[in-house]
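**Q** Quick one: structure below, then a few questions.
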Amino acid sequence: MPRALRPFRHRDYRLLVASMAASLFASGVWLLAIVWQVIALGGGPTALSAVSASASAGLLVSVLIGGVAADRLPRRTVLITVEVVRIVAASAATALALSGLLTVWHLAALAFVIGSAEAFYFPAYSALLPTLLPAGELLAANGVEQTLRPVAMQAAGPALAGVLVGAFVPGAGLLAATAGYALALLPLLWIRIAPPTGTVTDEAEETRRSVLADLREGFAYLVRTGWLFASLAFALLYVLLIIGPIEVLLPFAVRDRADGGPAGYAVVLAAYGVGGALGSIAVASRRLPRRYLSTMLVLWGAGALPLMVLGLTTRIWLMAAAAFLVGATGAGAMVIWGTLLQRRVPAHLLGRVSSLDFFVSLALMPVSMALAGPVGDAVGIPTTFVVAGALPVVLAVAAIALWRLHRDEVAHPLTT
């Protein structure tokens with residue numbers, strides 16, 4: 001089989017991917033539906049900032065516990081619980097919207113719940129994946145994830161939500177998100193997980209260990225591991241710069257600068273998704289680059305430059321082209337990053353390190369969300385996007401040089 005498709009030989013992996021695809025699709029529907037639900041309620045950039053920041057805050061406050069849960073609890077059980085919580089929260093939003101009782105603060109509270117659930121999902125998913133696949137197929141599996149993420153979450157999901165919101169009301173999009181989360185639950189019920197290999201004594205000792213001790217162990221590994229620390233230090237500032245403009249200001253750039261509506265916004269997100277899919281496939285279809293750390297950071301840093309076009313142009317097709325490039329480079333870098341965690345982090349620490357990845361890299365996401373609206377109002381959308389697109393290049397070069405990552409990747413080759 002082609003390298004990028006080899007993981008599909010495994011039954012349980014196919015079920016896991018089916019669930020993830022449905023979940024990502026539902027999240028894509030949810031994200032676009034709440035944008036236009038906020039607008040339908042009369043909200044502007046500041047109101048959308050509040051809802052987006054609330055979701056990010058839920059992710060942030062829960063993600064460290066999510067990593068401990070991934071290392072301590074059955075990972076399939078964690079994933080099932082996440083989907084159940086999402087179904088309940090999305091159902092509540094749908095009922096309130098269709099009954100005319102929904103407010104911005106209801107949306108913010110429910111977004112917090114869904115963000116908290118998200119914090120448990122990907123540490124468990126990342127730690128489960130190496131137990132289902134051989135090491136040589138992890139790059140391809142991460143490529144599948146990064147292909148599905150933009151296709152389902154930034155393209156197909158928003159496209160359906162745009163149609164539903166345009167034809168009916170934003171509540172119809174929330175209803176579709178609820179159905180998607182329900183569909184994601186079903187394949188998880190059929191996955192067969194091998195029993196743990198540890199002894200009874202090992203398991204008892206693990207149970208007695210405190211959560212704080214687990215967290216300290218994960219933090220200690222992060223601090224003493226140069227390539228991991230450098231990558232997450234870059235990600236911390238990268239997220240601060242780009243997430244708020246993309247999540248909060250982009251729909252208003254489409255509306256105010258290009259005279260677009262839900263359909264135009266969906267086109268830009270779809271282009272982002274298609275770019276991400278093709279970028280993921282391109283990276284997953286090849287061997288891991290020998291200079292994997294440098295390649296990853298350059299893809300992220302230089303790949304942010306097209307963000308400047310999003311703020312400066314007044315044409316939907318140029319916004320879509322810029323979004324395509326940002327999606328392709330970002331997703332390609334994420335394929336490499338996910339594989340590095342699974343290949344270079346010890347198995348017993350993988351859940352916690354994955355959660356620390358979320359925590360450290362996304363620590364400033366709520367700040368970015370909260371600032372994007374006021375900053376965009378104060379200095380204008382074009383200036384905000386220009387700054388967000390230019391600075392990541394400088395950060396990437398600094399991370400490679402200061403932590404001498406070019407030496408680390410040569411000293412620790414990953415050849416398969």
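We label chains A, B, ... in the order they appear in the structure tokens, count residues from 1 in each chain, and number ligands from 1 in the order shown.
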Mind running stretch 236-283 of chain A against stretch 46-58 of chain A at 10 Å and telling me each contacting residue's nearest atom pair with the distance in Å (one decimal), counting only C-alpha atoms, chain and number ascending, as CSV?

**A**
```
residue,atom,partner,partner_atom,distance
A:Gly244,CA,A:Ser49,CA,8.0
A:Glu247,CA,A:Ser52,CA,7.5
A:Val248,CA,A:Ser49,CA,6.0
A:Leu249,CA,A:Ser49,CA,9.0
```

**Q** Would you pick out the contacts of stretch 255-259 of chain A at 9 Å or less, using only C-alpha atoms, so that residues sharing its chain but fewer than 5 positions from it are not included, and give the list as number ranges by chain?

**A** A: 250, 264-265, 311-316

**Q** Can you measure atom CA of A:Phe385 to atom CA of A:Ile242 for me? One decimal in Å is fine.

**A**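 Going from atom CA of A:Phe385 over to atom CA of A:Ile242, I get 8.1 Å.
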
**Q** Env of A:Gly171: 9 Å cut, atoms = only C-alpha atoms, seq-sep filter 3 positions within chain, self excluded. Answer as a PDB file with C-alpha atoms, in the first residue's frame.

**A**
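Output contents, as saved in around15.pdb:
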```pdb
ATOM      1  CA  ALA A  33     -22.626  27.979  13.634  1.00  0.00           C
ATOM      2  CA  ILE A  34     -21.648  29.803  16.825  1.00  0.00           C
ATOM      3  CA  GLN A  37     -25.256  32.704  16.139  1.00  0.00           C
ATOM      4  CA  ALA A  93     -27.156  25.040  22.805  1.00  0.00           C
ATOM      5  CA  THR A  94     -29.513  23.742  20.111  1.00  0.00           C
ATOM      6  CA  ALA A  95     -32.517  23.663  22.430  1.00  0.00           C
ATOM      7  CA  LEU A  96     -31.862  27.199  23.694  1.00  0.00           C
ATOM      8  CA  ALA A  97     -31.309  28.547  20.156  1.00  0.00           C
ATOM      9  CA  LEU A  98     -34.419  26.990  18.630  1.00  0.00           C
ATOM     10  CA  LEU A 164     -27.816  25.382   6.962  1.00  0.00           C
ATOM     11  CA  VAL A 165     -27.347  28.808   8.520  1.00  0.00           C
ATOM     12  CA  PHE A 168     -32.543  28.337   7.950  1.00  0.00           C
ATOM     13  CA  LEU A 174     -26.009  23.636  16.175  1.00  0.00           C
ATOM     14  CA  LEU A 175     -28.409  20.729  15.633  1.00  0.00           C
ATOM     15  CA  ALA A 176     -26.149  19.311  12.914  1.00  0.00           C
TER      16      ALA A 176
END
```
